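query.cif follows (mmCIF, C-alpha atoms):
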```
data_protein
#
loop_
_atom_site.group_PDB
_atom_site.id
_atom_site.type_symbol
_atom_site.label_atom_id
_atom_site.label_comp_id
_atom_site.auth_asym_id
_atom_site.auth_seq_id
_atom_site.Cartn_x
_atom_site.Cartn_y
_atom_site.Cartn_z
ATOM 1 C CA MET A 1 -0.862 -23.042 15.829
ATOM 2 C CA ILE A 2 1.102 -21.504 12.993
ATOM 3 C CA GLU A 3 4.845 -21.963 13.240
ATOM 4 C CA ILE A 4 6.555 -18.807 11.982
ATOM 5 C CA THR A 5 10.255 -18.006 11.828
ATOM 6 C CA PHE A 6 11.677 -14.675 12.969
ATOM 7 C CA ALA A 7 12.226 -13.621 9.341
ATOM 8 C CA GLN A 8 8.561 -14.369 8.583
ATOM 9 C CA TRP A 9 7.468 -12.316 11.623
ATOM 10 C CA VAL A 10 9.509 -9.390 10.360
ATOM 11 C CA ALA A 11 8.095 -9.741 6.847
ATOM 12 C CA LEU A 12 4.519 -9.943 8.197
ATOM 13 C CA ALA A 13 5.095 -6.876 10.384
ATOM 14 C CA VAL A 14 6.396 -4.881 7.413
ATOM 15 C CA ILE A 15 3.418 -5.988 5.305
ATOM 16 C CA VAL A 16 0.941 -5.030 8.048
ATOM 17 C CA PHE A 17 2.605 -1.638 8.452
ATOM 18 C CA GLY A 18 2.509 -0.975 4.708
ATOM 19 C CA ALA A 19 -1.123 -2.099 4.433
ATOM 20 C CA ALA A 20 -2.039 0.085 7.414
ATOM 21 C CA VAL A 21 -0.409 3.090 5.749
ATOM 22 C CA LEU A 22 -2.352 2.306 2.571
ATOM 23 C CA ARG A 23 -5.592 2.090 4.540
ATOM 24 C CA GLY A 24 -4.779 5.317 6.348
ATOM 25 C CA LEU A 25 -4.141 7.169 3.099
ATOM 26 C CA VAL A 26 -6.946 5.737 0.975
ATOM 27 C CA GLY A 27 -9.441 4.529 3.591
ATOM 28 C CA PHE A 28 -9.551 0.900 2.454
ATOM 29 C CA GLY A 29 -7.361 -1.771 0.877
ATOM 30 C CA PHE A 30 -5.853 -3.323 4.003
ATOM 31 C CA ALA A 31 -7.249 -6.816 3.358
ATOM 32 C CA VAL A 32 -6.428 -6.790 -0.353
ATOM 33 C CA ALA A 33 -2.830 -5.789 0.305
ATOM 34 C CA THR A 34 -2.287 -8.178 3.211
ATOM 35 C CA VAL A 35 -3.819 -11.214 1.508
ATOM 36 C CA LEU A 36 -1.745 -10.690 -1.614
ATOM 37 C CA LEU A 37 1.520 -10.024 0.212
ATOM 38 C CA PHE A 38 1.014 -12.514 3.070
ATOM 39 C CA GLY A 39 0.796 -15.140 0.320
ATOM 40 C CA PHE A 40 4.526 -14.692 -0.294
ATOM 41 C CA VAL A 41 5.292 -15.472 3.366
ATOM 42 C CA LEU A 42 2.569 -17.960 4.389
ATOM 43 C CA ALA A 43 0.459 -20.641 2.789
ATOM 44 C CA PRO A 44 -2.488 -18.999 0.993
ATOM 45 C CA LEU A 45 -5.167 -20.275 3.399
ATOM 46 C CA LYS A 46 -3.170 -19.048 6.403
ATOM 47 C CA ALA A 47 -2.635 -15.709 4.647
ATOM 48 C CA VAL A 48 -6.370 -15.239 4.154
ATOM 49 C CA VAL A 49 -7.273 -16.332 7.684
ATOM 50 C CA LEU A 50 -4.644 -14.029 9.224
ATOM 51 C CA SER A 51 -5.833 -11.126 7.092
ATOM 52 C CA VAL A 52 -9.456 -11.725 8.101
ATOM 53 C CA LEU A 53 -8.484 -11.881 11.778
ATOM 54 C CA LEU A 54 -6.560 -8.618 11.520
ATOM 55 C CA GLN A 55 -9.499 -6.997 9.729
ATOM 56 C CA VAL A 56 -11.832 -8.173 12.526
ATOM 57 C CA CYS A 57 -9.509 -6.531 15.075
ATOM 58 C CA ILE A 58 -9.557 -3.297 13.083
ATOM 59 C CA GLY A 59 -13.343 -3.511 12.834
ATOM 60 C CA ALA A 60 -13.690 -4.019 16.577
ATOM 61 C CA TRP A 61 -11.521 -0.967 17.187
ATOM 62 C CA GLU A 62 -13.235 1.309 14.662
ATOM 63 C CA GLY A 63 -16.682 -0.304 14.730
ATOM 64 C CA PRO A 64 -18.433 1.892 17.283
ATOM 65 C CA ALA A 65 -17.529 5.133 15.489
ATOM 66 C CA ALA A 66 -18.323 3.672 12.062
ATOM 67 C CA ALA A 67 -21.683 2.304 13.248
ATOM 68 C CA ARG A 68 -22.878 5.827 13.946
ATOM 69 C CA LEU A 69 -21.890 7.052 10.487
ATOM 70 C CA CYS A 70 -22.749 4.179 8.143
ATOM 71 C CA ASP A 71 -25.779 3.751 5.932
ATOM 72 C CA TRP A 72 -27.212 0.522 7.360
ATOM 73 C CA ARG A 73 -29.685 0.067 4.515
ATOM 74 C CA ALA A 74 -26.833 -0.008 1.991
ATOM 75 C CA LEU A 75 -24.632 -2.114 4.258
ATOM 76 C CA ARG A 76 -27.084 -4.986 4.912
ATOM 77 C CA PRO A 77 -26.634 -6.713 1.511
ATOM 78 C CA LEU A 78 -22.847 -6.433 1.843
ATOM 79 C CA LEU A 79 -22.933 -7.959 5.330
ATOM 80 C CA PHE A 80 -25.141 -10.794 4.116
ATOM 81 C CA GLY A 81 -22.910 -11.472 1.112
ATOM 82 C CA THR A 82 -19.771 -11.419 3.218
ATOM 83 C CA THR A 83 -21.276 -13.725 5.826
ATOM 84 C CA VAL A 84 -22.227 -16.264 3.156
ATOM 85 C CA ALA A 85 -19.253 -15.908 0.805
ATOM 86 C CA THR A 86 -16.364 -15.889 3.304
ATOM 87 C CA PRO A 87 -16.812 -19.459 4.598
ATOM 88 C CA MET A 88 -17.513 -20.714 1.071
ATOM 89 C CA GLY A 89 -14.407 -18.985 -0.237
ATOM 90 C CA LEU A 90 -12.268 -20.469 2.532
ATOM 91 C CA LEU A 91 -13.567 -23.955 1.732
ATOM 92 C CA ILE A 92 -12.747 -23.469 -1.948
ATOM 93 C CA LEU A 93 -9.336 -22.028 -1.108
ATOM 94 C CA ARG A 94 -8.638 -24.999 1.157
ATOM 95 C CA SER A 95 -9.224 -27.393 -1.755
ATOM 96 C CA LEU A 96 -6.711 -25.669 -4.075
ATOM 97 C CA SER A 97 -2.992 -26.285 -4.300
ATOM 98 C CA ALA A 98 -0.790 -23.438 -3.042
ATOM 99 C CA PRO A 99 0.325 -22.264 -6.527
ATOM 100 C CA VAL A 100 -3.245 -22.252 -7.864
ATOM 101 C CA ALA A 101 -4.525 -20.479 -4.736
ATOM 102 C CA ARG A 102 -1.808 -17.827 -5.038
ATOM 103 C CA ALA A 103 -2.706 -17.264 -8.683
ATOM 104 C CA TRP A 104 -6.427 -16.847 -7.831
ATOM 105 C CA LEU A 105 -5.646 -14.478 -4.948
ATOM 106 C CA ALA A 106 -3.365 -12.416 -7.192
ATOM 107 C CA ALA A 107 -6.026 -12.273 -9.915
ATOM 108 C CA ALA A 108 -8.699 -11.217 -7.420
ATOM 109 C CA SER A 109 -6.390 -8.527 -6.026
ATOM 110 C CA LEU A 110 -5.688 -7.199 -9.509
ATOM 111 C CA LEU A 111 -9.425 -7.089 -10.265
ATOM 112 C CA VAL A 112 -10.002 -5.065 -7.098
ATOM 113 C CA LEU A 113 -7.163 -2.727 -8.049
ATOM 114 C CA ALA A 114 -8.541 -2.334 -11.579
ATOM 115 C CA SER A 115 -12.005 -1.553 -10.232
ATOM 116 C CA ILE A 116 -10.539 1.136 -7.976
ATOM 117 C CA VAL A 117 -8.269 2.701 -10.566
ATOM 118 C CA GLY A 118 -10.585 2.391 -13.560
ATOM 119 C CA PRO A 119 -10.026 4.153 -16.876
ATOM 120 C CA GLN A 120 -10.186 7.642 -15.322
ATOM 121 C CA GLY A 121 -7.478 7.151 -12.707
ATOM 122 C CA VAL A 122 -7.846 6.584 -8.993
ATOM 123 C CA GLN A 123 -11.211 7.843 -7.825
ATOM 124 C CA ILE A 124 -11.532 9.007 -4.235
ATOM 125 C CA GLY A 125 -14.973 10.452 -3.677
ATOM 126 C CA ARG A 126 -15.549 12.909 -6.490
ATOM 127 C CA ALA A 127 -11.907 13.824 -6.959
ATOM 128 C CA HIS A 128 -9.645 12.135 -9.486
ATOM 129 C CA VAL A 129 -6.021 11.621 -8.568
#
```

Would you put the structure from the file into C-alpha cells?
Amino acid sequence: MIEITFAQWVALAVIVFGAAVLRGLVGFGFAVATVLLFGFVLAPLKAVVLSVLLQVCIGAWEGPAAARLCDWRALRPLLFGTTVATPMGLLILRSLSAPVARAWLAAASLLVLASIVGPQGVQIGRAHV
C-alpha cells in the first residue's frame, strides 16, 4: 500500500485533471504527462505504476468503442511491444536510484514531446497548429 499525505492526494488529483484535459484536447498524452508530473510527488516507480493503472482504467472505459474503430493489423505490433517492454522497463526502473530514474523519465517525456511537435509545429492529423 502506498502511504500518501493529503497534500500529495491534492497534487495527484490536479495532475490527473490536467492530464485528462490534455488527453481530451489532443487525444493522447495522458501517460506521458502523468508519469513526468507524478515523479515530483511520488517515487518514480510508484509514479509509473500509478500512471499505468490509470491508463488501464481509461482503456477499460473507452476500449469497447475504440475496438470497433481501430486498425487491428497496425495495432498488433504495438500491443506486442508494449506487453514485452513494460515489464522490462519496470524492472530497469526499479534498479535505478530515484534521481537517475527521474532524469530518464524526464528525458523520455521530452523525446515524446519532440516527436509530437517536430520541426513543423504540433501535428494533429493533417493540420498544423

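Taking only C-alpha atoms into account, Phe28 (chain A) lies nearest to A:Leu113 out of the set A:Ala98, A:Ala11, A:Leu113, A:Leu93.
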
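When the PyMOL selection byres ((chain A and resi 43) around 12) is evaluated against the file, it yields Ile2, Glu3, Ile4, Gln8, Val35, Leu36, Leu37, Phe38, Gly39, Phe40, Val41, Leu42, Pro44, Leu45, Lys46, Ala47, Val48, Val49, Leu50, Leu93, Arg94, Leu96, Ser97, Ala98, Pro99, Val100, Ala101, Arg102 and Leu105 of chain A.
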
Box for region 41-55 of chain A - axis-aligned, 6 Å on each of the six sides, all listed atoms - centre and size in Å to one decimal, as AutoDock Vina command-line options.
```
--center_x -2.1 --center_y -13.8 --center_z 6.4 --size_x 26.8 --size_y 25.6 --size_z 22.8
```

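Between CA of Val26 (chain A) and CA of Ala65 (chain A) there is a distance of 18.0 Å.
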
Open item on the list: To one decimal place in Å, what is the distance between CA of Ser109 (chain A) and CA of Phe30 (chain A)?
Closed with: 11.3 Å

- [ ] Figure out the distance between CA of Ile92 (chain A) and CA of Pro77 (chain A), please, to one decimal in Å.
- [x] 22.0 Å

Give me the residues near Arg23 (chain A) as a PDB file with C-alpha atoms, in the coordinates of the input, where near means some atom within 12 Å (using only C-alpha atoms) and where sequence neighbours in that chain fewer than 5 positions away do not count.
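Full text of selection.pdb as output:
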```pdb
ATOM      1  CA  VAL A  16       0.941  -5.030   8.048  1.00  0.00           C
ATOM      2  CA  PHE A  17       2.605  -1.638   8.452  1.00  0.00           C
ATOM      3  CA  GLY A  18       2.509  -0.975   4.708  1.00  0.00           C
ATOM      4  CA  PHE A  28      -9.551   0.900   2.454  1.00  0.00           C
ATOM      5  CA  GLY A  29      -7.361  -1.771   0.877  1.00  0.00           C
ATOM      6  CA  PHE A  30      -5.853  -3.323   4.003  1.00  0.00           C
ATOM      7  CA  ALA A  31      -7.249  -6.816   3.358  1.00  0.00           C
ATOM      8  CA  VAL A  32      -6.428  -6.790  -0.353  1.00  0.00           C
ATOM      9  CA  ALA A  33      -2.830  -5.789   0.305  1.00  0.00           C
ATOM     10  CA  THR A  34      -2.287  -8.178   3.211  1.00  0.00           C
ATOM     11  CA  GLN A  55      -9.499  -6.997   9.729  1.00  0.00           C
ATOM     12  CA  ILE A  58      -9.557  -3.297  13.083  1.00  0.00           C
TER      13      ILE A  58
END
```

TODO: Determine the nearest neighbour of Leu54 (chain A) from the options A:Leu12, A:Phe80, A:Arg73, A:Leu90, counting all atoms listed in the file.
DONE: A:Leu12

Taking all heavy atoms as the atom set, what does region 68-79 of chain A look like once completed, written as a compact mmCIF listing (two decimals), keeping the file's coordinate frame?
```
# COMPACT_ATOMS: atom_id res chain seq x y z
N ARG A 68 -22.08 4.59 13.87
CA ARG A 68 -22.88 5.83 13.95
C ARG A 68 -22.94 6.55 12.61
O ARG A 68 -23.85 7.33 12.37
CB ARG A 68 -22.30 6.76 15.01
CG ARG A 68 -22.47 6.25 16.43
CD ARG A 68 -22.07 7.29 17.45
NE ARG A 68 -20.66 7.67 17.38
CZ ARG A 68 -19.67 7.04 18.01
NH1 ARG A 68 -19.93 6.00 18.75
NH2 ARG A 68 -18.44 7.46 17.90
N LEU A 69 -21.99 6.31 11.74
CA LEU A 69 -21.89 7.05 10.49
C LEU A 69 -22.37 6.29 9.26
O LEU A 69 -22.62 6.89 8.22
CB LEU A 69 -20.43 7.47 10.25
CG LEU A 69 -19.79 8.34 11.33
CD1 LEU A 69 -18.32 8.52 11.05
CD2 LEU A 69 -20.50 9.68 11.41
N CYS A 70 -22.49 4.97 9.35
CA CYS A 70 -22.75 4.18 8.14
C CYS A 70 -24.22 4.20 7.74
O CYS A 70 -25.10 4.47 8.54
CB CYS A 70 -22.26 2.75 8.32
SG CYS A 70 -23.31 1.73 9.33
N ASP A 71 -24.44 3.89 6.50
CA ASP A 71 -25.78 3.75 5.93
C ASP A 71 -26.15 2.27 6.04
O ASP A 71 -25.77 1.45 5.20
CB ASP A 71 -25.77 4.21 4.47
CG ASP A 71 -27.12 4.05 3.80
OD1 ASP A 71 -28.08 3.58 4.44
OD2 ASP A 71 -27.20 4.40 2.60
N TRP A 72 -26.90 1.92 7.08
CA TRP A 72 -27.21 0.52 7.36
C TRP A 72 -28.03 -0.12 6.25
O TRP A 72 -27.87 -1.32 5.99
CB TRP A 72 -27.91 0.38 8.71
CG TRP A 72 -26.93 0.55 9.83
CD1 TRP A 72 -26.73 1.67 10.57
CD2 TRP A 72 -26.00 -0.41 10.28
NE1 TRP A 72 -25.71 1.46 11.47
CE2 TRP A 72 -25.24 0.18 11.32
CE3 TRP A 72 -25.70 -1.71 9.93
CZ2 TRP A 72 -24.24 -0.48 12.00
CZ3 TRP A 72 -24.70 -2.39 10.61
CH2 TRP A 72 -23.97 -1.77 11.62
N ARG A 73 -28.87 0.63 5.61
CA ARG A 73 -29.68 0.07 4.51
C ARG A 73 -28.77 -0.40 3.38
O ARG A 73 -28.99 -1.46 2.80
CB ARG A 73 -30.68 1.09 4.01
CG ARG A 73 -31.61 0.50 2.97
CD ARG A 73 -32.70 1.46 2.59
NE ARG A 73 -33.53 1.68 3.79
CZ ARG A 73 -34.45 2.60 3.88
NH1 ARG A 73 -34.67 3.41 2.88
NH2 ARG A 73 -35.16 2.72 4.97
N ALA A 74 -27.76 0.37 3.05
CA ALA A 74 -26.83 -0.01 1.99
C ALA A 74 -25.88 -1.11 2.45
O ALA A 74 -25.40 -1.91 1.64
CB ALA A 74 -26.03 1.21 1.53
N LEU A 75 -25.60 -1.16 3.73
CA LEU A 75 -24.63 -2.11 4.26
C LEU A 75 -25.20 -3.52 4.42
O LEU A 75 -24.46 -4.49 4.33
CB LEU A 75 -24.11 -1.61 5.61
CG LEU A 75 -22.92 -2.33 6.22
CD1 LEU A 75 -21.72 -2.26 5.29
CD2 LEU A 75 -22.58 -1.73 7.56
N ARG A 76 -26.48 -3.66 4.65
CA ARG A 76 -27.08 -4.99 4.91
C ARG A 76 -26.78 -6.02 3.82
O ARG A 76 -26.38 -7.14 4.13
CB ARG A 76 -28.58 -4.85 5.14
CG ARG A 76 -28.90 -4.37 6.53
CD ARG A 76 -30.39 -4.39 6.82
NE ARG A 76 -30.63 -3.72 8.09
CZ ARG A 76 -31.19 -2.54 8.22
NH1 ARG A 76 -31.61 -1.89 7.16
NH2 ARG A 76 -31.36 -2.01 9.41
N PRO A 77 -26.96 -5.70 2.53
CA PRO A 77 -26.63 -6.71 1.51
C PRO A 77 -25.15 -7.09 1.52
O PRO A 77 -24.81 -8.26 1.28
CB PRO A 77 -27.02 -6.05 0.19
CG PRO A 77 -27.90 -4.91 0.55
CD PRO A 77 -27.55 -4.50 1.94
N LEU A 78 -24.27 -6.13 1.78
CA LEU A 78 -22.85 -6.43 1.84
C LEU A 78 -22.53 -7.36 3.01
O LEU A 78 -21.73 -8.30 2.89
CB LEU A 78 -22.03 -5.14 1.97
CG LEU A 78 -22.10 -4.21 0.77
CD1 LEU A 78 -21.41 -2.88 1.10
CD2 LEU A 78 -21.47 -4.85 -0.44
N LEU A 79 -23.14 -7.10 4.17
CA LEU A 79 -22.93 -7.96 5.33
C LEU A 79 -23.44 -9.37 5.07
O LEU A 79 -22.77 -10.35 5.40
CB LEU A 79 -23.63 -7.37 6.56
CG LEU A 79 -23.00 -6.13 7.16
CD1 LEU A 79 -23.89 -5.54 8.24
CD2 LEU A 79 -21.63 -6.45 7.71
```
